[in-house]
Amino acid sequence: MYKLWATIIKDARVLWRDGVGLALMFVMPIVLVVVITDIQNSTFQLINKNKLPVLVCNRDTGASAKQLVEAIKKVGMFSVSDLPKNQDEKAIADSMKKNDALMSIIIPADFTRKVMAKSKTTAGKALTSFGLQADSTQKDLGDLEPLKLYYNPVLQESIRLSVKGALQSALQLVESRQTLRSLYFSINEKPLPSKLEDEMLNNKAAINDIPVAINGSLKPPNAAQHNVPAWTIFAMFFVIMSLGGSVVREKVSGSFIRLKTLPTNYIVGMLSKQIVYVGVTILQAVVIFSLGIWFFPLINLPALNLPADILGLLIVTILTGWCAVSYAICVGVFSETHQQNNGFGAISIVILAAIGGLMVPTFTMDTSLKTIANFSPMHWCLEAYYDLFLENGRLSNIVGYLVPLVLITLLLQLIAFWGLKRKNLI
Amino acid sequence: MVSNELAINIENLGFHYPGNDGVTFSGLNLKVKKGERFGLFGPNGAGKTTLLSLMTGLLSADQGTVQLLGHDVRKHSNKVNALFGFVPQDFSFYQELSPVENLEFFGAWAGLSKGQVKKKTDELLTILGLENVRDKQVDKFSGGMKRRVNLAIGVIHNPSVLILDEPTVGVDVQTRHAIINYLLELNKNGTTLIYTSHQLSEAEGLCEQVALIDSGEIIAHDSLTELLKEHEKDSLEGLFLELTGKEYRNDV
C-alpha cells in the first residue's frame, strides 16, 4: 500500500509542476465552455426569443393587402418594417442590407383586386353547388400574382420553410375572410357581422406544445444545459496532453527502464496514474459545473441546473474520466515523442468530439456517421450526460450508454497493456 | 572482500535483437565473483549496455542462463530486482521532483518502508553532498549533481550487486572523485560493483577484474594486473587499443 501511496504522491507532484498541462486541462476548457455557451445562447436567443426582421413592400393600397400585412404581424415570429411601395429589387436588396433584415416580402399592386375577384368567383361556385343563383357579372381576372419573398442566402432552409408556412397561413386567412364575406353577402345581401366572422375564422383547434422529459420534469433546456456537459467531456479528454506527455517522458528519460529493475510491478504505476488523473477529471467537472451554476448568471448566461440524480451524475463523470485517462495512457504508450503525443492526441480528440456529437448533434448526421459515432467514447458520455441534464433521466435510464463506455475503456486498457508488453516496458 | 560465490554467472548466452539489428551474442560465458570490482570495457557498439541489460533482466536471452546471486534473472525477477541496484547512463528519474521526492518514490518501489526510506535518504544526501539542495527541483541541477542523484537512487535499497553504466560521464573532477570514492566505500562494505565506462584511467583506480568485449565476444577477462602484465602494457588504455584496434567504431 505504501508503494501505491508513494506513487500517487509522486504523480500528483509531477502533475502539480506541469503548468502547461494544468492550463490545458483547466483554463482552456473554462474559456471554451464560456465562449461556446455565449455564442450558442446568442443564436438560441436570435431564433427563439428575437423576432425575425422582415421588410414588407406593399405595392397595393387595398384592404386585403392591409389585412395581409396585419396577419403577418400577428404571426408573432416577425419584426415587420414597411418599405416605400415603389422600391425596385436593387433598392429592396440595399434596404435589407441596411436594416439587417434577412427577408423581405413584396405584395403586388393588384393584390386586393385579385383577392376580391377570386373570392367572388369561389363564392359563386359555392352558391351554384348549393343550387342558388350566383353573381354572373363577376369576371375572372386570372390567378393571383405570387407574393415575392426575398431572403438572405445565409438563412437556413428550415427557417425559410417556416416563414413560407407562416406566410401561407396569413394569406389563407385573408383569402378565406374575403370568400366568407362574399358568400355571406350573396346569400343575405348584407355584410357579414364581425363577431360571426371572427368566430368562423378563428375557430381552430388549439395546439399545446409540451417538451418531453423522461421523468416528467419540464425545465426547458438552454445553452448551458447543452454546452456545459459537452465541453466538460472535451476537457476531460484533454488530460492526454499532461498524462500522455508524462508517460512519454517516463519512457524517454529511462524512468520506465529503471522502474522495471525494481521489485515492484508497473501495474502499481499505471494504477496510480489512473487514480490521480481520474481525480483531476472529476475536479475539472466540479470546476466547470460550478461555473455553470454560479458564474454563468453573473455574465447573463442561463444557469446550469444539475440533474436530480446526483449519484448518476457522479458515476457518469467517473466513468468518463476513467475512459479519458485510459485513452491518454494508450496514446502515451504508443507515442515515441511529445510531439507525437500532443499532435495525435489533440487532433484525435477533436475528431472523436466531432463524430461523438459534441460539435454537431448526432441526430443530424447521416446513417454512416451515426454508426461511426458509436465508436467514439465521447458519444456515450454525451448521451448519458444529456439524459441526466436535459431529460432529467436517472441512473437506470443511462445504463445502456454506460455499458459501451466501460467496454471501450477496458479495450483501451488492454491495448495499453499490450503496448507496454510489446515495447518491453513491463 | 571477494568470495568464491558468484554474483553474476552467465553461461552459453545467446542473444540477438529483432532483425539482427545490433550486437549479437553467441555462447558467451562470464563469471563475476561476489565482492569483486568488475569493469566491462569495449568500444561503442561492442555490446556492453546489451550485456548489462541481460544481467538485469531488462532483455531476455535467446539461449543460456543469466544468474544473479544464484537466481535466474528472468525466472525470479522480483527476487533478483531486490538484490541489485542499477545506475543507468541516462538520468532515469523525475527531474520535476527534488532529490528527496525522487528517493521517497524509488525507495518505496525498491521495497523499503517509509522509515527506512527517510533514514537512507538523509544518509545518502549527506554522503553525496546534496543535503543543501535536497528540496530543490532536480531539473535546475548541474550534470554532476544529477549524476549523484542518479547514483543515490540506485543504491537506496543497499543492493548486494550494483550495476553502473557509465556513472561518471560528463561530470567534473570533483564529482568523479566523490563518486569513485563512494563506490570504493560501498565495495568495502561488501557490494559487488559491475561497472562500465569509457573513462579508462578512472577504471584503473576502481576495477580489480576487467573484461574487454568486442562485437559481442569477451576477448579478455582477468585481473587488471595480470592483463597488463600479459600484454606488456602499462595502462588500461594501451591494452584496450591493442586488443580492439584503433579504427573508428560507428554504432548506429
# chains A, B, ... in the order shown; residues from 1 in each chain; ligands from 1
$ residues_around --residues "Lys31 in chain B" --least-positions-apart "6" --cutoff "7 Å" --atoms "only C-alpha atoms" --output "compact mmCIF listing (two decimals) with C-alpha atoms, in the first residue's frame"
# COMPACT_ATOMS: atom_id res chain seq x y z
CA LEU B 6 29.26 -15.86 -7.87
CA ILE B 8 26.95 -12.99 -11.85
CA ASN B 9 27.07 -16.27 -13.70
CA ILE B 10 26.40 -16.17 -17.43
$ residues_around --residues "Ile72 in chain A" --least-positions-apart "2" --cutoff "9 Å" --atoms "only C-alpha atoms" --output "list in words"
Gln67, Leu68, Val69, Glu70, Lys74, Val75, Gly76, Met77, Phe78, Val80, Ala166, Leu167, Ser169, Ala170 and Leu171 of chain A
$ closest_residue --among "A:Pro146, A:Pro263, A:Gly165, A:Pro191" --to "chain B" --atoms "only C-alpha atoms"
A:Pro263
$ interface_residues --of "chain A" --to "chain B" --cutoff "12 Å" --atoms "only C-alpha atoms" --output "VMD selection string"
chain A and resid 1 to 19 246 to 247 249 to 269 421 423 to 426
$ residues_around --residues "Asn29 in chain B" --least-positions-apart "4" --cutoff "10 Å" --atoms "only C-alpha atoms" --output "count of residues only"
12
$ closest_residue --among "A:Gly21, A:Pro229, A:Gly419, A:Gly332" --to "Val248 in chain A" --atoms "only C-alpha atoms"
A:Gly332
$ atom_distance --atom1 "CA of Asn150 in chain B" --atom2 "CA of Val171 in chain B"
12.4 Å
$ residues_around --residues "Ser98 in chain B" --least-positions-apart "6" --cutoff "9 Å" --atoms "only C-alpha atoms" --output "short mmCIF file (atom, residue, chain, number, x, y, z; two decimals) with C-alpha atoms, in the first residue's frame"
data_model
loop_
_atom_site.label_atom_id
_atom_site.label_comp_id
_atom_site.auth_asym_id
_atom_site.auth_seq_id
_atom_site.Cartn_x
_atom_site.Cartn_y
_atom_site.Cartn_z
CA VAL B 133 19.67 21.10 -2.28
CA ARG B 134 17.54 18.24 -1.01
CA ASP B 135 14.25 20.07 -1.67
CA LYS B 136 15.17 21.81 -4.92
CA GLN B 137 13.85 20.57 -8.27
CA VAL B 138 16.48 18.42 -9.99
CA ASP B 139 15.95 19.97 -13.43
#
$ closest_residue --among "A:Ile293, A:Ile107, A:Val278, A:Val154" --to "Ser64 in chain A" --atoms "only C-alpha atoms"
A:Ile107
$ atom_distance --atom1 "CA of Met116 in chain A" --atom2 "CA of Leu183 in chain A"
11.6 Å
$ residues_around --residues "Tyr17 in chain B" --least-positions-apart "6" --cutoff "10 Å" --atoms "only C-alpha atoms" --output "PyMOL selection string"
chain B and resi 23-25+50+59+61-62
$ residues_around --residues "Val228 in chain A" --least-positions-apart "6" --cutoff "9 Å" --atoms "only C-alpha atoms" --output "list in words"
Val33, Val34, Thr37, Ile288, Phe289, Gly292 and Leu304 of chain A
$ write_last_selection --atoms "N, CA and C atoms" --output "tab-separated table (two decimals), in the first residue's frame"
chain	number	residue	atom	x	y	z
A	33	VAL	N	-15.85	26.66	-22.70
A	33	VAL	CA	-17.25	26.46	-22.30
A	33	VAL	C	-17.98	27.80	-22.19
A	34	VAL	N	-17.28	28.84	-21.71
A	34	VAL	CA	-17.92	30.15	-21.59
A	34	VAL	C	-18.19	30.73	-22.99
A	37	THR	N	-20.85	28.59	-24.98
A	37	THR	CA	-22.19	28.77	-24.41
A	37	THR	C	-22.73	30.14	-24.77
A	288	ILE	N	-16.09	23.12	-13.79
A	288	ILE	CA	-16.90	23.60	-14.92
A	288	ILE	C	-18.39	23.64	-14.56
A	289	PHE	N	-18.85	22.64	-13.83
A	289	PHE	CA	-20.26	22.66	-13.40
A	289	PHE	C	-20.51	23.85	-12.47
A	292	GLY	N	-20.95	26.90	-14.38
A	292	GLY	CA	-22.27	26.92	-14.99
A	292	GLY	C	-23.35	27.33	-14.00
A	304	LEU	N	-26.73	26.72	-15.11
A	304	LEU	CA	-26.79	25.27	-15.29
A	304	LEU	C	-27.61	24.68	-14.15
$ select_by_dssp --residues "range 52-231 of chain A" --states "strand (DSSP E or B)" --output "PyMOL selection string"
chain A and resi 52-58+78-83+103-107+148-151
$ residues_around --residues "range 93-95 of chain A" --least-positions-apart "2" --cutoff "12 Å" --atoms "only C-alpha atoms" --output "number ranges by chain"
A: 53-57, 81-84, 87-91, 97-106, 149-152
$ decode --residues "range 233-283 of chain A" --atoms "N, CA and C atoms" --output "PDB file, in the first residue's frame"
ATOM      1  N   ILE A 233     -16.787  17.042 -21.103  1.00  0.00           N
ATOM      2  CA  ILE A 233     -16.237  15.791 -21.647  1.00  0.00           C
ATOM      3  C   ILE A 233     -14.975  16.104 -22.457  1.00  0.00           C
ATOM      4  N   PHE A 234     -15.070  17.132 -23.277  1.00  0.00           N
ATOM      5  CA  PHE A 234     -13.929  17.533 -24.116  1.00  0.00           C
ATOM      6  C   PHE A 234     -12.727  17.865 -23.220  1.00  0.00           C
ATOM      7  N   ALA A 235     -12.989  18.604 -22.155  1.00  0.00           N
ATOM      8  CA  ALA A 235     -11.915  18.992 -21.227  1.00  0.00           C
ATOM      9  C   ALA A 235     -11.276  17.756 -20.600  1.00  0.00           C
ATOM     10  N   MET A 236     -12.123  16.820 -20.202  1.00  0.00           N
ATOM     11  CA  MET A 236     -11.599  15.611 -19.551  1.00  0.00           C
ATOM     12  C   MET A 236     -10.648  14.860 -20.492  1.00  0.00           C
ATOM     13  N   PHE A 237     -11.032  14.758 -21.739  1.00  0.00           N
ATOM     14  CA  PHE A 237     -10.177  14.031 -22.679  1.00  0.00           C
ATOM     15  C   PHE A 237      -8.879  14.796 -22.954  1.00  0.00           C
ATOM     16  N   PHE A 238      -8.865  16.087 -22.637  1.00  0.00           N
ATOM     17  CA  PHE A 238      -7.621  16.839 -22.844  1.00  0.00           C
ATOM     18  C   PHE A 238      -6.558  16.523 -21.794  1.00  0.00           C
ATOM     19  N   VAL A 239      -6.851  15.617 -20.847  1.00  0.00           N
ATOM     20  CA  VAL A 239      -5.786  15.178 -19.927  1.00  0.00           C
ATOM     21  C   VAL A 239      -4.683  14.476 -20.701  1.00  0.00           C
ATOM     22  N   ILE A 240      -4.997  14.151 -21.951  1.00  0.00           N
ATOM     23  CA  ILE A 240      -3.990  13.476 -22.778  1.00  0.00           C
ATOM     24  C   ILE A 240      -2.714  14.308 -22.877  1.00  0.00           C
ATOM     25  N   MET A 241      -2.858  15.637 -22.869  1.00  0.00           N
ATOM     26  CA  MET A 241      -1.679  16.483 -23.033  1.00  0.00           C
ATOM     27  C   MET A 241      -0.732  16.316 -21.844  1.00  0.00           C
ATOM     28  N   SER A 242      -1.284  16.210 -20.662  1.00  0.00           N
ATOM     29  CA  SER A 242      -0.446  16.083 -19.474  1.00  0.00           C
ATOM     30  C   SER A 242      -0.103  14.617 -19.192  1.00  0.00           C
ATOM     31  N   LEU A 243      -1.125  13.756 -19.184  1.00  0.00           N
ATOM     32  CA  LEU A 243      -0.899  12.353 -18.819  1.00  0.00           C
ATOM     33  C   LEU A 243      -0.119  11.607 -19.910  1.00  0.00           C
ATOM     34  N   GLY A 244      -0.560  11.772 -21.166  1.00  0.00           N
ATOM     35  CA  GLY A 244       0.168  11.117 -22.266  1.00  0.00           C
ATOM     36  C   GLY A 244       1.610  11.605 -22.282  1.00  0.00           C
ATOM     37  N   GLY A 245       1.777  12.912 -22.058  1.00  0.00           N
ATOM     38  CA  GLY A 245       3.120  13.501 -22.026  1.00  0.00           C
ATOM     39  C   GLY A 245       3.950  12.927 -20.893  1.00  0.00           C
ATOM     40  N   SER A 246       3.299  12.674 -19.765  1.00  0.00           N
ATOM     41  CA  SER A 246       4.008  12.114 -18.615  1.00  0.00           C
ATOM     42  C   SER A 246       4.483  10.687 -18.917  1.00  0.00           C
ATOM     43  N   VAL A 247       3.637   9.904 -19.599  1.00  0.00           N
ATOM     44  CA  VAL A 247       4.031   8.534 -19.965  1.00  0.00           C
ATOM     45  C   VAL A 247       5.213   8.580 -20.942  1.00  0.00           C
ATOM     46  N   VAL A 248       5.116   9.487 -21.930  1.00  0.00           N
ATOM     47  CA  VAL A 248       6.211   9.613 -22.911  1.00  0.00           C
ATOM     48  C   VAL A 248       7.505  10.019 -22.193  1.00  0.00           C
ATOM     49  N   ARG A 249       7.383  10.981 -21.259  1.00  0.00           N
ATOM     50  CA  ARG A 249       8.566  11.465 -20.541  1.00  0.00           C
ATOM     51  C   ARG A 249       9.230  10.330 -19.760  1.00  0.00           C
ATOM     52  N   GLU A 250       8.418   9.484 -19.151  1.00  0.00           N
ATOM     53  CA  GLU A 250       8.976   8.358 -18.391  1.00  0.00           C
ATOM     54  C   GLU A 250       9.720   7.395 -19.314  1.00  0.00           C
ATOM     55  N   LYS A 251       9.171   7.225 -20.526  1.00  0.00           N
ATOM     56  CA  LYS A 251       9.839   6.310 -21.468  1.00  0.00           C
ATOM     57  C   LYS A 251      11.139   6.928 -21.963  1.00  0.00           C
ATOM     58  N   VAL A 252      11.053   8.207 -22.358  1.00  0.00           N
ATOM     59  CA  VAL A 252      12.215   8.862 -22.970  1.00  0.00           C
ATOM     60  C   VAL A 252      13.335   9.037 -21.946  1.00  0.00           C
ATOM     61  N   SER A 253      12.984   9.381 -20.705  1.00  0.00           N
ATOM     62  CA  SER A 253      14.023   9.635 -19.695  1.00  0.00           C
ATOM     63  C   SER A 253      14.650   8.341 -19.191  1.00  0.00           C
ATOM     64  N   GLY A 254      14.013   7.210 -19.480  1.00  0.00           N
ATOM     65  CA  GLY A 254      14.546   5.943 -18.996  1.00  0.00           C
ATOM     66  C   GLY A 254      13.974   5.547 -17.645  1.00  0.00           C
ATOM     67  N   SER A 255      13.060   6.355 -17.103  1.00  0.00           N
ATOM     68  CA  SER A 255      12.469   6.014 -15.797  1.00  0.00           C
ATOM     69  C   SER A 255      11.752   4.667 -15.850  1.00  0.00           C
ATOM     70  N   PHE A 256      11.083   4.406 -16.990  1.00  0.00           N
ATOM     71  CA  PHE A 256      10.397   3.122 -17.159  1.00  0.00           C
ATOM     72  C   PHE A 256      11.378   1.974 -16.946  1.00  0.00           C
ATOM     73  N   ILE A 257      12.556   2.117 -17.598  1.00  0.00           N
ATOM     74  CA  ILE A 257      13.564   1.050 -17.537  1.00  0.00           C
ATOM     75  C   ILE A 257      14.020   0.869 -16.096  1.00  0.00           C
ATOM     76  N   ARG A 258      14.252   1.994 -15.424  1.00  0.00           N
ATOM     77  CA  ARG A 258      14.725   1.893 -14.042  1.00  0.00           C
ATOM     78  C   ARG A 258      13.659   1.237 -13.165  1.00  0.00           C
ATOM     79  N   LEU A 259      12.390   1.638 -13.394  1.00  0.00           N
ATOM     80  CA  LEU A 259      11.313   1.064 -12.595  1.00  0.00           C
ATOM     81  C   LEU A 259      11.216  -0.440 -12.830  1.00  0.00           C
ATOM     82  N   LYS A 260      11.545  -0.836 -14.060  1.00  0.00           N
ATOM     83  CA  LYS A 260      11.469  -2.255 -14.386  1.00  0.00           C
ATOM     84  C   LYS A 260      12.519  -3.071 -13.623  1.00  0.00           C
ATOM     85  N   THR A 261      13.604  -2.385 -13.199  1.00  0.00           N
ATOM     86  CA  THR A 261      14.644  -3.115 -12.458  1.00  0.00           C
ATOM     87  C   THR A 261      14.364  -3.125 -10.951  1.00  0.00           C
ATOM     88  N   LEU A 262      13.227  -2.587 -10.543  1.00  0.00           N
ATOM     89  CA  LEU A 262      12.890  -2.556  -9.119  1.00  0.00           C
ATOM     90  C   LEU A 262      11.816  -3.605  -8.817  1.00  0.00           C
ATOM     91  N   PRO A 263      11.787  -4.098  -7.571  1.00  0.00           N
ATOM     92  CA  PRO A 263      10.881  -5.218  -7.264  1.00  0.00           C
ATOM     93  C   PRO A 263       9.422  -4.792  -7.060  1.00  0.00           C
ATOM     94  N   THR A 264       8.910  -4.022  -8.007  1.00  0.00           N
ATOM     95  CA  THR A 264       7.507  -3.602  -7.945  1.00  0.00           C
ATOM     96  C   THR A 264       6.925  -3.688  -9.350  1.00  0.00           C
ATOM     97  N   ASN A 265       5.696  -4.215  -9.430  1.00  0.00           N
ATOM     98  CA  ASN A 265       5.072  -4.364 -10.734  1.00  0.00           C
ATOM     99  C   ASN A 265       4.625  -3.002 -11.260  1.00  0.00           C
ATOM    100  N   TYR A 266       4.824  -2.784 -12.536  1.00  0.00           N
ATOM    101  CA  TYR A 266       4.459  -1.476 -13.101  1.00  0.00           C
ATOM    102  C   TYR A 266       2.945  -1.226 -13.068  1.00  0.00           C
ATOM    103  N   ILE A 267       2.181  -2.291 -12.814  1.00  0.00           N
ATOM    104  CA  ILE A 267       0.730  -2.116 -12.661  1.00  0.00           C
ATOM    105  C   ILE A 267       0.462  -1.059 -11.569  1.00  0.00           C
ATOM    106  N   VAL A 268       1.321  -1.048 -10.538  1.00  0.00           N
ATOM    107  CA  VAL A 268       1.169  -0.052  -9.462  1.00  0.00           C
ATOM    108  C   VAL A 268       1.270   1.356 -10.048  1.00  0.00           C
ATOM    109  N   GLY A 269       2.244   1.527 -10.963  1.00  0.00           N
ATOM    110  CA  GLY A 269       2.433   2.829 -11.605  1.00  0.00           C
ATOM    111  C   GLY A 269       1.221   3.237 -12.419  1.00  0.00           C
ATOM    112  N   MET A 270       0.675   2.269 -13.162  1.00  0.00           N
ATOM    113  CA  MET A 270      -0.487   2.557 -14.009  1.00  0.00           C
ATOM    114  C   MET A 270      -1.723   2.863 -13.153  1.00  0.00           C
ATOM    115  N   LEU A 271      -1.854   2.101 -12.053  1.00  0.00           N
ATOM    116  CA  LEU A 271      -2.988   2.310 -11.145  1.00  0.00           C
ATOM    117  C   LEU A 271      -2.910   3.707 -10.534  1.00  0.00           C
ATOM    118  N   SER A 272      -1.717   4.093 -10.142  1.00  0.00           N
ATOM    119  CA  SER A 272      -1.533   5.418  -9.533  1.00  0.00           C
ATOM    120  C   SER A 272      -1.908   6.523 -10.515  1.00  0.00           C
ATOM    121  N   LYS A 273      -1.431   6.393 -11.742  1.00  0.00           N
ATOM    122  CA  LYS A 273      -1.745   7.424 -12.749  1.00  0.00           C
ATOM    123  C   LYS A 273      -3.258   7.528 -12.934  1.00  0.00           C
ATOM    124  N   GLN A 274      -3.912   6.372 -12.940  1.00  0.00           N
ATOM    125  CA  GLN A 274      -5.361   6.398 -13.159  1.00  0.00           C
ATOM    126  C   GLN A 274      -6.076   7.053 -11.985  1.00  0.00           C
ATOM    127  N   ILE A 275      -5.613   6.756 -10.779  1.00  0.00           N
ATOM    128  CA  ILE A 275      -6.259   7.354  -9.597  1.00  0.00           C
ATOM    129  C   ILE A 275      -6.069   8.873  -9.621  1.00  0.00           C
ATOM    130  N   VAL A 276      -4.832   9.316  -9.861  1.00  0.00           N
ATOM    131  CA  VAL A 276      -4.538  10.756  -9.828  1.00  0.00           C
ATOM    132  C   VAL A 276      -5.307  11.486 -10.930  1.00  0.00           C
ATOM    133  N   TYR A 277      -5.251  10.952 -12.136  1.00  0.00           N
ATOM    134  CA  TYR A 277      -5.845  11.690 -13.257  1.00  0.00           C
ATOM    135  C   TYR A 277      -7.376  11.552 -13.312  1.00  0.00           C
ATOM    136  N   VAL A 278      -7.933  10.447 -12.819  1.00  0.00           N
ATOM    137  CA  VAL A 278      -9.401  10.400 -12.719  1.00  0.00           C
ATOM    138  C   VAL A 278      -9.837  11.457 -11.703  1.00  0.00           C
ATOM    139  N   GLY A 279      -9.038  11.604 -10.638  1.00  0.00           N
ATOM    140  CA  GLY A 279      -9.302  12.676  -9.662  1.00  0.00           C
ATOM    141  C   GLY A 279      -9.283  14.037 -10.326  1.00  0.00           C
ATOM    142  N   VAL A 280      -8.311  14.234 -11.221  1.00  0.00           N
ATOM    143  CA  VAL A 280      -8.219  15.519 -11.930  1.00  0.00           C
ATOM    144  C   VAL A 280      -9.449  15.741 -12.806  1.00  0.00           C
ATOM    145  N   THR A 281      -9.898  14.700 -13.493  1.00  0.00           N
ATOM    146  CA  THR A 281     -11.062  14.868 -14.377  1.00  0.00           C
ATOM    147  C   THR A 281     -12.324  15.177 -13.559  1.00  0.00           C
ATOM    148  N   ILE A 282     -12.420  14.568 -12.369  1.00  0.00           N
ATOM    149  CA  ILE A 282     -13.581  14.872 -11.516  1.00  0.00           C
ATOM    150  C   ILE A 282     -13.506  16.340 -11.077  1.00  0.00           C
ATOM    151  N   LEU A 283     -12.288  16.778 -10.753  1.00  0.00           N
ATOM    152  CA  LEU A 283     -12.104  18.184 -10.350  1.00  0.00           C
ATOM    153  C   LEU A 283     -12.463  19.126 -11.510  1.00  0.00           C
TER     154      LEU A 283
END
